[in-house]
$ cat target-v2.csv   # CSV, C-alpha atoms
chain,number,residue,atom,x,y,z
A,1,MET,CA,15.2,31.8,-22.1
A,2,SER,CA,13.3,34.7,-20.5
A,3,GLY,CA,12.3,34.9,-16.9
A,4,SER,CA,8.7,34.5,-17.7
A,5,LYS,CA,9.3,31.3,-19.7
A,6,CYS,CA,11.4,29.9,-16.8
A,7,TYR,CA,8.6,30.6,-14.4
A,8,CYS,CA,6.2,28.7,-16.8
A,9,VAL,CA,8.5,25.7,-17.0
A,10,ALA,CA,8.9,25.6,-13.2
A,11,ALA,CA,5.1,25.9,-12.7
A,12,THR,CA,4.6,23.0,-15.1
A,13,MET,CA,7.0,20.9,-13.2
A,14,LEU,CA,5.2,21.7,-9.9
A,15,VAL,CA,1.9,20.5,-11.5
A,16,MET,CA,3.6,17.2,-12.2
A,17,VAL,CA,4.8,17.1,-8.5
A,18,ARG,CA,1.3,17.8,-7.3
A,19,PHE,CA,-0.1,15.0,-9.5
A,20,GLY,CA,2.6,12.6,-8.3
A,21,ALA,CA,1.8,13.5,-4.7
A,22,PHE,CA,-1.9,12.9,-5.3
A,23,VAL,CA,-1.2,9.4,-6.8
A,24,LEU,CA,1.0,8.6,-3.8
A,25,LEU,CA,-1.7,9.7,-1.4
A,26,VAL,CA,-4.2,7.4,-3.1
A,27,ILE,CA,-1.8,4.5,-3.0
A,28,PHE,CA,-1.0,5.1,0.7
A,29,ILE,CA,-4.7,5.3,1.6
A,30,VAL,CA,-5.5,2.0,-0.2
A,31,ASN,CA,-2.4,0.0,0.8
A,32,ASP,CA,-1.4,1.5,4.2
A,33,VAL,CA,-3.9,3.8,5.8
A,34,ARG,CA,-7.0,1.5,5.6
A,35,PRO,CA,-5.1,-1.5,7.2
A,36,ALA,CA,-3.5,0.8,9.8
A,37,ILE,CA,-6.9,2.2,10.8
A,38,ARG,CA,-8.3,-1.3,11.0
A,39,GLY,CA,-5.4,-2.3,13.1
A,40,LEU,CA,-6.4,0.3,15.7
A,41,TYR,CA,-9.5,-1.7,16.5
A,42,MET,CA,-7.9,-5.0,16.8
A,43,ARG,CA,-7.8,-6.9,20.1
A,44,ARG,CA,-4.9,-9.0,21.3
A,45,THR,CA,-5.5,-12.7,22.2
A,46,THR,CA,-3.7,-16.0,22.1
A,47,CYS,CA,-3.8,-18.4,19.2
A,48,THR,CA,-3.2,-22.2,19.2
A,49,VAL,CA,-2.7,-23.9,15.9
A,50,LEU,CA,-5.1,-26.8,15.2
A,51,SER,CA,-3.9,-27.8,11.7
A,52,SER,CA,-2.1,-26.4,8.6
A,53,ALA,CA,-2.1,-27.6,5.0
A,54,ILE,CA,-1.0,-26.4,1.7
A,55,SER,CA,-3.9,-26.9,-0.7
A,56,SER,CA,-3.7,-27.7,-4.4
A,57,ASP,CA,-5.1,-24.3,-5.2
A,58,VAL,CA,-2.7,-21.9,-6.8
A,59,VAL,CA,-3.4,-18.2,-6.3
A,60,SER,CA,-2.3,-15.7,-9.0
A,61,CYS,CA,-1.0,-12.3,-8.0
A,62,ASP,CA,0.6,-9.1,-9.5
A,63,PHE,CA,4.1,-8.8,-8.2
A,64,PRO,CA,5.4,-5.3,-7.5
A,65,GLY,CA,8.6,-3.6,-8.8
A,66,GLU,CA,7.9,-3.9,-12.5
A,67,MET,CA,7.3,-0.9,-14.7
A,68,ARG,CA,5.2,-2.8,-17.3
A,69,ARG,CA,1.7,-4.0,-16.6
A,70,GLY,CA,0.4,-7.5,-16.7
A,71,CYS,CA,3.3,-9.1,-14.8
A,72,THR,CA,1.8,-11.9,-12.7
A,73,SER,CA,3.1,-14.6,-10.5
A,74,SER,CA,1.5,-17.3,-8.2
A,75,PHE,CA,1.9,-19.0,-4.9
A,76,PRO,CA,0.4,-22.1,-3.2
A,77,CYS,CA,-2.4,-21.4,-0.7
A,78,LEU,CA,-1.5,-22.3,2.9
A,79,LYS,CA,-4.4,-22.4,5.4
A,80,ILE,CA,-3.5,-22.4,9.1
A,81,ASN,CA,-6.5,-23.2,11.3
A,82,VAL,CA,-6.3,-21.8,14.9
A,83,THR,CA,-8.4,-21.6,18.0
A,84,PHE,CA,-8.5,-18.4,20.0
A,85,VAL,CA,-10.5,-16.6,22.7
A,86,GLY,CA,-12.6,-14.0,20.9
A,87,ARG,CA,-15.3,-11.5,21.7
A,88,HIS,CA,-17.3,-12.1,24.9
A,89,ARG,CA,-14.6,-14.6,25.9
A,90,LEU,CA,-15.9,-17.2,23.5
A,91,ASN,CA,-13.6,-20.0,22.1
A,92,LEU,CA,-13.6,-19.6,18.4
A,93,THR,CA,-11.7,-21.0,15.4
A,94,GLY,CA,-10.5,-19.1,12.4
A,95,ILE,CA,-7.9,-18.8,9.7
A,96,LEU,CA,-4.6,-17.3,10.6
A,97,VAL,CA,-3.1,-14.7,8.3
A,98,ASP,CA,0.3,-13.1,8.7
A,99,ASN,CA,-0.8,-9.4,9.0
A,100,GLN,CA,-3.9,-7.3,8.7
A,101,LYS,CA,-3.0,-6.1,5.2
A,102,ASN,CA,-3.8,-9.7,4.0
A,103,MET,CA,-7.2,-9.9,5.6
A,104,GLY,CA,-10.5,-9.7,3.8
A,105,TYR,CA,-10.1,-12.4,1.2
A,106,ARG,CA,-12.7,-15.2,0.9
A,107,GLY,CA,-12.9,-18.7,-0.5
A,108,ASP,CA,-9.9,-20.0,-2.4
A,109,GLN,CA,-8.2,-16.6,-2.0
A,110,LEU,CA,-8.1,-16.8,1.8
A,111,CYS,CA,-4.6,-17.9,2.5
A,112,SER,CA,-2.4,-17.5,5.6
A,113,THR,CA,0.4,-15.8,3.8
A,114,ARG,CA,0.6,-14.2,0.3
A,115,PRO,CA,4.1,-13.9,-0.9
A,116,CYS,CA,4.3,-12.5,-4.5
A,117,ASN,CA,7.7,-12.5,-6.0
A,118,LYS,CA,8.7,-12.6,-9.6
A,119,TYR,CA,9.7,-16.3,-9.5
A,120,ARG,CA,7.2,-18.8,-8.2
A,121,TYR,CA,9.8,-21.0,-6.6
A,122,ASP,CA,10.6,-18.1,-4.2
A,123,ASN,CA,6.9,-17.9,-3.3
A,124,VAL,CA,6.8,-21.7,-2.7
A,125,ARG,CA,9.8,-21.5,-0.4
A,126,ARG,CA,8.4,-18.6,1.6
A,127,VAL,CA,5.0,-20.4,2.0
A,128,GLU,CA,6.8,-23.6,3.2
A,129,ASP,CA,9.0,-21.5,5.6
A,130,PHE,CA,5.9,-19.9,7.1
A,131,LYS,CA,4.3,-23.2,7.6
A,132,ARG,CA,7.3,-24.6,9.4
A,133,SER,CA,7.7,-21.5,11.6
A,134,THR,CA,4.1,-20.8,12.4
A,135,GLY,CA,1.8,-23.6,11.3
A,136,GLN,CA,3.0,-26.5,13.6
A,137,PRO,CA,-0.1,-28.0,15.4
A,138,GLY,CA,-0.2,-27.2,19.1
A,139,ARG,CA,1.9,-24.1,18.8
A,140,THR,CA,0.7,-21.1,20.8
A,141,PHE,CA,1.5,-17.5,20.2
A,142,PRO,CA,0.0,-14.0,20.6
A,143,CYS,CA,-2.3,-12.9,17.8
A,144,PHE,CA,-4.9,-10.3,17.0
A,145,PHE,CA,-8.6,-10.4,15.9
A,146,ASP,CA,-11.2,-8.0,14.6
A,147,PRO,CA,-14.2,-7.9,16.9
A,148,GLY,CA,-16.4,-7.1,13.9
A,149,ASP,CA,-15.2,-10.1,11.8
A,150,GLN,CA,-13.8,-13.0,13.8
A,151,THR,CA,-13.3,-15.4,10.9
A,152,GLU,CA,-9.7,-14.3,10.6
A,153,VAL,CA,-6.9,-13.6,13.1
A,154,PHE,CA,-3.5,-12.4,12.3
A,155,ARG,CA,0.0,-12.8,13.7
A,156,GLN,CA,1.6,-9.4,13.1
A,157,LEU,CA,0.2,-5.9,13.6
A,158,LEU,CA,1.6,-3.5,11.0
A,159,ASP,CA,1.7,0.3,11.5
A,160,ALA,CA,-1.4,0.4,13.7
A,161,ASN,CA,-0.8,3.7,15.4
A,162,VAL,CA,-1.9,7.2,14.9
A,163,TRP,CA,1.5,8.6,14.0
A,164,ALA,CA,1.9,6.1,11.1
A,165,ILE,CA,-1.5,7.2,9.8
A,166,PHE,CA,-0.5,10.8,10.2
A,167,HIS,CA,2.7,10.5,8.2
A,168,TYR,CA,1.0,8.5,5.4
A,169,LEU,CA,-1.6,11.3,5.0
A,170,PHE,CA,0.4,14.4,5.9
A,171,TRP,CA,3.5,14.3,3.7
A,172,PRO,CA,1.7,13.7,0.3
A,173,SER,CA,-0.9,16.3,1.3
A,174,PHE,CA,1.8,18.8,2.3
A,175,ALA,CA,3.6,18.2,-1.1
A,176,MET,CA,0.3,18.9,-2.9
A,177,VAL,CA,-0.4,22.1,-1.0
A,178,PHE,CA,3.2,23.3,-1.2
A,179,SER,CA,3.5,22.7,-4.9
A,180,CYS,CA,0.2,24.4,-5.5
A,181,GLY,CA,1.2,27.5,-3.5
A,182,CYS,CA,4.6,27.7,-5.3
A,183,GLY,CA,2.9,27.2,-8.7
A,184,CYS,CA,0.5,30.0,-8.0
A,185,PHE,CA,3.3,32.2,-6.9
A,186,LEU,CA,5.3,31.5,-10.1
A,187,LEU,CA,2.3,32.0,-12.4
A,188,GLU,CA,1.7,35.5,-10.8
A,189,ARG,CA,5.2,36.5,-11.9
A,190,VAL,CA,4.7,35.3,-15.5
A,191,ASN,CA,4.4,38.0,-18.2
A,192,PHE,CA,2.3,36.2,-20.8
A,193,GLN,CA,2.4,39.2,-23.1
A,194,GLU,CA,6.2,38.9,-23.1
A,195,ILE,CA,6.0,35.2,-24.0
A,196,ARG,CA,3.5,35.9,-26.9
A,197,THR,CA,5.8,38.6,-28.2
A,198,MET,CA,8.8,36.3,-28.2
A,199,GLU,CA,6.9,33.5,-30.0
A,200,GLN,CA,5.7,36.0,-32.6
A,201,ALA,CA,9.3,37.2,-33.1
A,202,ILE,CA,10.6,33.6,-33.5
A,203,GLN,CA,7.9,32.9,-36.1
A,204,LEU,CA,8.8,36.0,-38.1
A,205,GLU,CA,12.5,35.0,-38.1
A,206,GLN,CA,11.5,31.5,-39.4
A,207,ILE,CA,9.5,33.1,-42.2
A,208,HIS,CA,12.3,35.4,-43.3
$ encode --input "target-v2.csv" --output "structure tokens"
Amino acid sequence: MSGSKCYCVAATMLVMVRFGAFVLLVIFIVNDVRPAIRGLYMRRTTCTVLSSAISSDVVSCDFPGEMRRGCTSSFPCLKINVTFVGRHRLNLTGILVDNQKNMGYRGDQLCSTRPCNKYRYDNVRRVEDFKRSTGQPGRTFPCFFDPGDQTEVFRQLLDANVWAIFHYLFWPSFAMVFSCGCGCFLLERVNFQEIRTMEQAIQLEQIH
């Protein structure tokens, strides 16, 4: 294989790397950056459990880790009602969720925890464990609330710092820029006339 063809193959691989980095960046923005930015505005308070119950509603979910699409599971919906001191020092009630990534659901989809494993009995066990560990009436613990939407509070704050947001955005962007620069450098070294000449020579050999 000639040098020019090697450069073409390498440039093509770098295009795939750039595309993969772009997909990864979109996934990070949707799944990690948005909740992390939201977490920066959360305020700390104290929650006291009023009641907890597992409803008869079963919530469907797409579990991760499968290459094929359409793989779904389900979990029972646990609702933990808590009271807390919210904005303007008002005593409020709301639904507790385990972390800010699980906020924003409404109606039957609003559940305190959302385990989504391949086997439903694993999800049922995790929901029951969460109820026993967190949902006991009268229990008090630190929690966080969004001043702009005080219908939900959450127990755990995930990746709510500037450095986490920086890493989520920087490394995929760096991979995109680096692969683009390397690809342009390699394409400048490609002699397309040489490649066309080689392809014509191969075609002539196949004819004869």
$ atom_distance --input "target-v2.csv" --atom1 "CA of Ala175 in chain A" --atom2 "CA of Glu188 in chain A"
19.9 Å
$ residues_around --input "target-v2.csv" --residues "range 142-146 of chain A" --least-positions-apart "6" --cutoff "9 Å" --atoms "only C-alpha atoms" --output "mmCIF file with C-alpha atoms, keeping the file's coordinate frame"
data_model
loop_
_atom_site.group_PDB
_atom_site.id
_atom_site.type_symbol
_atom_site.label_atom_id
_atom_site.label_comp_id
_atom_site.auth_asym_id
_atom_site.auth_seq_id
_atom_site.Cartn_x
_atom_site.Cartn_y
_atom_site.Cartn_z
ATOM 1 C CA ARG A 38 -8.300 -1.300 11.000
ATOM 2 C CA GLY A 39 -5.400 -2.300 13.100
ATOM 3 C CA TYR A 41 -9.500 -1.700 16.500
ATOM 4 C CA MET A 42 -7.900 -5.000 16.800
ATOM 5 C CA ARG A 43 -7.800 -6.900 20.100
ATOM 6 C CA ARG A 44 -4.900 -9.000 21.300
ATOM 7 C CA THR A 45 -5.500 -12.700 22.200
ATOM 8 C CA THR A 46 -3.700 -16.000 22.100
ATOM 9 C CA CYS A 47 -3.800 -18.400 19.200
ATOM 10 C CA THR A 48 -3.200 -22.200 19.200
ATOM 11 C CA PHE A 84 -8.500 -18.400 20.000
ATOM 12 C CA GLY A 86 -12.600 -14.000 20.900
ATOM 13 C CA ARG A 87 -15.300 -11.500 21.700
ATOM 14 C CA LEU A 96 -4.600 -17.300 10.600
ATOM 15 C CA GLN A 100 -3.900 -7.300 8.700
ATOM 16 C CA GLU A 152 -9.700 -14.300 10.600
ATOM 17 C CA VAL A 153 -6.900 -13.600 13.100
ATOM 18 C CA PHE A 154 -3.500 -12.400 12.300
ATOM 19 C CA ARG A 155 0.000 -12.800 13.700
ATOM 20 C CA GLN A 156 1.600 -9.400 13.100
ATOM 21 C CA LEU A 157 0.200 -5.900 13.600
#
$ closest_residue --input "target-v2.csv" --among "A:Ala10, A:Trp163, A:Arg34, A:Ile80" --to "Ser55 in chain A" --atoms "only C-alpha atoms"
A:Ile80
$ atom_distance --input "target-v2.csv" --atom1 "CA of Tyr105 in chain A" --atom2 "CA of Val30 in chain A"
15.2 Å
$ closest_residue --input "target-v2.csv" --among "A:Ser179, A:Asn31, A:Thr12, A:Gln150" --to "Leu90 in chain A" --atoms "all atoms listed in the file"
A:Gln150
$ atom_distance --input "target-v2.csv" --atom1 "CA of Tyr119 in chain A" --atom2 "CA of Phe28 in chain A"
26.0 Å
$ residues_around --input "target-v2.csv" --residues "Ser60 in chain A" --least-positions-apart "3" --cutoff "10 Å" --atoms "all atoms listed in the file" --output "mmCIF file with C-alpha atoms, in the frame of the given file"
data_model
loop_
_atom_site.group_PDB
_atom_site.id
_atom_site.type_symbol
_atom_site.label_atom_id
_atom_site.label_comp_id
_atom_site.auth_asym_id
_atom_site.auth_seq_id
_atom_site.Cartn_x
_atom_site.Cartn_y
_atom_site.Cartn_z
ATOM 1 C CA ASP A 57 -5.100 -24.300 -5.200
ATOM 2 C CA PHE A 63 4.100 -8.800 -8.200
ATOM 3 C CA THR A 72 1.800 -11.900 -12.700
ATOM 4 C CA SER A 73 3.100 -14.600 -10.500
ATOM 5 C CA SER A 74 1.500 -17.300 -8.200
ATOM 6 C CA PHE A 75 1.900 -19.000 -4.900
ATOM 7 C CA PRO A 76 0.400 -22.100 -3.200
ATOM 8 C CA GLN A 109 -8.200 -16.600 -2.000
ATOM 9 C CA ARG A 114 0.600 -14.200 0.300
ATOM 10 C CA CYS A 116 4.300 -12.500 -4.500
#
$ closest_residue --input "target-v2.csv" --among "A:Leu186, A:Arg132, A:Ile29, A:Ala36" --to "Leu78 in chain A" --atoms "all atoms listed in the file"
A:Arg132
$ closest_residue --input "target-v2.csv" --among "A:Val162, A:Phe170, A:Met176, A:Val15" --to "Leu40 in chain A" --atoms "all atoms listed in the file"
A:Val162
$ decode --input "target-v2.csv" --residues "range 118-147 of chain A" --atoms "N, CA and C atoms" --output "PDB file, in the first residue's frame"
ATOM      1  N   LYS A 118     -31.847  -5.224  33.815  1.00  0.00           N
ATOM      2  CA  LYS A 118     -32.428  -6.149  32.852  1.00  0.00           C
ATOM      3  C   LYS A 118     -33.571  -6.953  33.451  1.00  0.00           C
ATOM      4  N   TYR A 119     -33.381  -7.398  34.700  1.00  0.00           N
ATOM      5  CA  TYR A 119     -34.387  -8.252  35.335  1.00  0.00           C
ATOM      6  C   TYR A 119     -35.221  -7.431  36.306  1.00  0.00           C
ATOM      7  N   ARG A 120     -36.533  -7.557  36.188  1.00  0.00           N
ATOM      8  CA  ARG A 120     -37.432  -6.730  36.979  1.00  0.00           C
ATOM      9  C   ARG A 120     -37.287  -7.008  38.473  1.00  0.00           C
ATOM     10  N   TYR A 121     -36.985  -8.251  38.863  1.00  0.00           N
ATOM     11  CA  TYR A 121     -36.899  -8.541  40.291  1.00  0.00           C
ATOM     12  C   TYR A 121     -35.739  -7.795  40.940  1.00  0.00           C
ATOM     13  N   ASP A 122     -34.682  -7.489  40.149  1.00  0.00           N
ATOM     14  CA  ASP A 122     -33.597  -6.654  40.675  1.00  0.00           C
ATOM     15  C   ASP A 122     -34.099  -5.239  40.954  1.00  0.00           C
ATOM     16  N   ASN A 123     -34.936  -4.723  40.059  1.00  0.00           N
ATOM     17  CA  ASN A 123     -35.487  -3.384  40.255  1.00  0.00           C
ATOM     18  C   ASN A 123     -36.415  -3.346  41.467  1.00  0.00           C
ATOM     19  N   VAL A 124     -37.228  -4.376  41.615  1.00  0.00           N
ATOM     20  CA  VAL A 124     -38.125  -4.446  42.764  1.00  0.00           C
ATOM     21  C   VAL A 124     -37.325  -4.465  44.064  1.00  0.00           C
ATOM     22  N   ARG A 125     -36.265  -5.245  44.100  1.00  0.00           N
ATOM     23  CA  ARG A 125     -35.433  -5.321  45.311  1.00  0.00           C
ATOM     24  C   ARG A 125     -34.796  -3.972  45.638  1.00  0.00           C
ATOM     25  N   ARG A 126     -34.309  -3.264  44.608  1.00  0.00           N
ATOM     26  CA  ARG A 126     -33.670  -1.970  44.842  1.00  0.00           C
ATOM     27  C   ARG A 126     -34.669  -0.924  45.313  1.00  0.00           C
ATOM     28  N   VAL A 127     -35.886  -0.978  44.780  1.00  0.00           N
ATOM     29  CA  VAL A 127     -36.922  -0.046  45.236  1.00  0.00           C
ATOM     30  C   VAL A 127     -37.265  -0.313  46.698  1.00  0.00           C
ATOM     31  N   GLU A 128     -37.422  -1.576  47.054  1.00  0.00           N
ATOM     32  CA  GLU A 128     -37.744  -1.918  48.440  1.00  0.00           C
ATOM     33  C   GLU A 128     -36.600  -1.539  49.375  1.00  0.00           C
ATOM     34  N   ASP A 129     -35.348  -1.732  48.946  1.00  0.00           N
ATOM     35  CA  ASP A 129     -34.195  -1.337  49.764  1.00  0.00           C
ATOM     36  C   ASP A 129     -34.163   0.173  49.969  1.00  0.00           C
ATOM     37  N   PHE A 130     -34.484   0.921  48.914  1.00  0.00           N
ATOM     38  CA  PHE A 130     -34.492   2.376  49.032  1.00  0.00           C
ATOM     39  C   PHE A 130     -35.580   2.842  49.986  1.00  0.00           C
ATOM     40  N   LYS A 131     -36.731   2.171  49.944  1.00  0.00           N
ATOM     41  CA  LYS A 131     -37.811   2.521  50.861  1.00  0.00           C
ATOM     42  C   LYS A 131     -37.406   2.254  52.305  1.00  0.00           C
ATOM     43  N   ARG A 132     -36.752   1.110  52.547  1.00  0.00           N
ATOM     44  CA  ARG A 132     -36.346   0.781  53.914  1.00  0.00           C
ATOM     45  C   ARG A 132     -35.269   1.735  54.422  1.00  0.00           C
ATOM     46  N   SER A 133     -34.339   2.126  53.546  1.00  0.00           N
ATOM     47  CA  SER A 133     -33.211   2.943  53.995  1.00  0.00           C
ATOM     48  C   SER A 133     -33.552   4.426  54.094  1.00  0.00           C
ATOM     49  N   THR A 134     -34.507   4.883  53.273  1.00  0.00           N
ATOM     50  CA  THR A 134     -34.762   6.325  53.180  1.00  0.00           C
ATOM     51  C   THR A 134     -36.195   6.702  53.510  1.00  0.00           C
ATOM     52  N   GLY A 135     -37.140   5.829  53.231  1.00  0.00           N
ATOM     53  CA  GLY A 135     -38.545   6.205  53.297  1.00  0.00           C
ATOM     54  C   GLY A 135     -39.248   5.922  54.603  1.00  0.00           C
ATOM     55  N   GLN A 136     -38.529   5.767  55.717  1.00  0.00           N
ATOM     56  CA  GLN A 136     -39.191   5.523  56.996  1.00  0.00           C
ATOM     57  C   GLN A 136     -39.791   6.821  57.536  1.00  0.00           C
ATOM     58  N   PRO A 137     -41.093   6.867  57.821  1.00  0.00           N
ATOM     59  CA  PRO A 137     -41.726   8.096  58.337  1.00  0.00           C
ATOM     60  C   PRO A 137     -41.020   8.614  59.587  1.00  0.00           C
ATOM     61  N   GLY A 138     -40.814   9.944  59.598  1.00  0.00           N
ATOM     62  CA  GLY A 138     -40.146  10.585  60.721  1.00  0.00           C
ATOM     63  C   GLY A 138     -38.643  10.714  60.551  1.00  0.00           C
ATOM     64  N   ARG A 139     -38.079  10.042  59.563  1.00  0.00           N
ATOM     65  CA  ARG A 139     -36.641  10.133  59.372  1.00  0.00           C
ATOM     66  C   ARG A 139     -36.265  11.499  58.812  1.00  0.00           C
ATOM     67  N   THR A 140     -35.152  12.056  59.302  1.00  0.00           N
ATOM     68  CA  THR A 140     -34.671  13.375  58.893  1.00  0.00           C
ATOM     69  C   THR A 140     -33.267  13.244  58.317  1.00  0.00           C
ATOM     70  N   PHE A 141     -33.010  13.950  57.213  1.00  0.00           N
ATOM     71  CA  PHE A 141     -31.696  13.892  56.572  1.00  0.00           C
ATOM     72  C   PHE A 141     -31.503  15.137  55.697  1.00  0.00           C
ATOM     73  N   PRO A 142     -30.261  15.461  55.362  1.00  0.00           N
ATOM     74  CA  PRO A 142     -30.004  16.598  54.464  1.00  0.00           C
ATOM     75  C   PRO A 142     -30.516  16.280  53.061  1.00  0.00           C
ATOM     76  N   CYS A 143     -31.017  17.307  52.375  1.00  0.00           N
ATOM     77  CA  CYS A 143     -31.488  17.146  51.010  1.00  0.00           C
ATOM     78  C   CYS A 143     -31.328  18.478  50.284  1.00  0.00           C
ATOM     79  N   PHE A 144     -31.708  18.507  49.011  1.00  0.00           N
ATOM     80  CA  PHE A 144     -31.510  19.688  48.175  1.00  0.00           C
ATOM     81  C   PHE A 144     -32.802  19.979  47.408  1.00  0.00           C
ATOM     82  N   PHE A 145     -33.019  21.262  47.122  1.00  0.00           N
ATOM     83  CA  PHE A 145     -34.200  21.636  46.346  1.00  0.00           C
ATOM     84  C   PHE A 145     -33.830  22.704  45.329  1.00  0.00           C
ATOM     85  N   ASP A 146     -34.633  22.769  44.277  1.00  0.00           N
ATOM     86  CA  ASP A 146     -34.462  23.760  43.224  1.00  0.00           C
ATOM     87  C   ASP A 146     -35.357  24.953  43.544  1.00  0.00           C
ATOM     88  N   PRO A 147     -34.792  26.140  43.766  1.00  0.00           N
ATOM     89  CA  PRO A 147     -35.639  27.306  44.090  1.00  0.00           C
ATOM     90  C   PRO A 147     -36.673  27.614  43.012  1.00  0.00           C
TER      91      PRO A 147
END
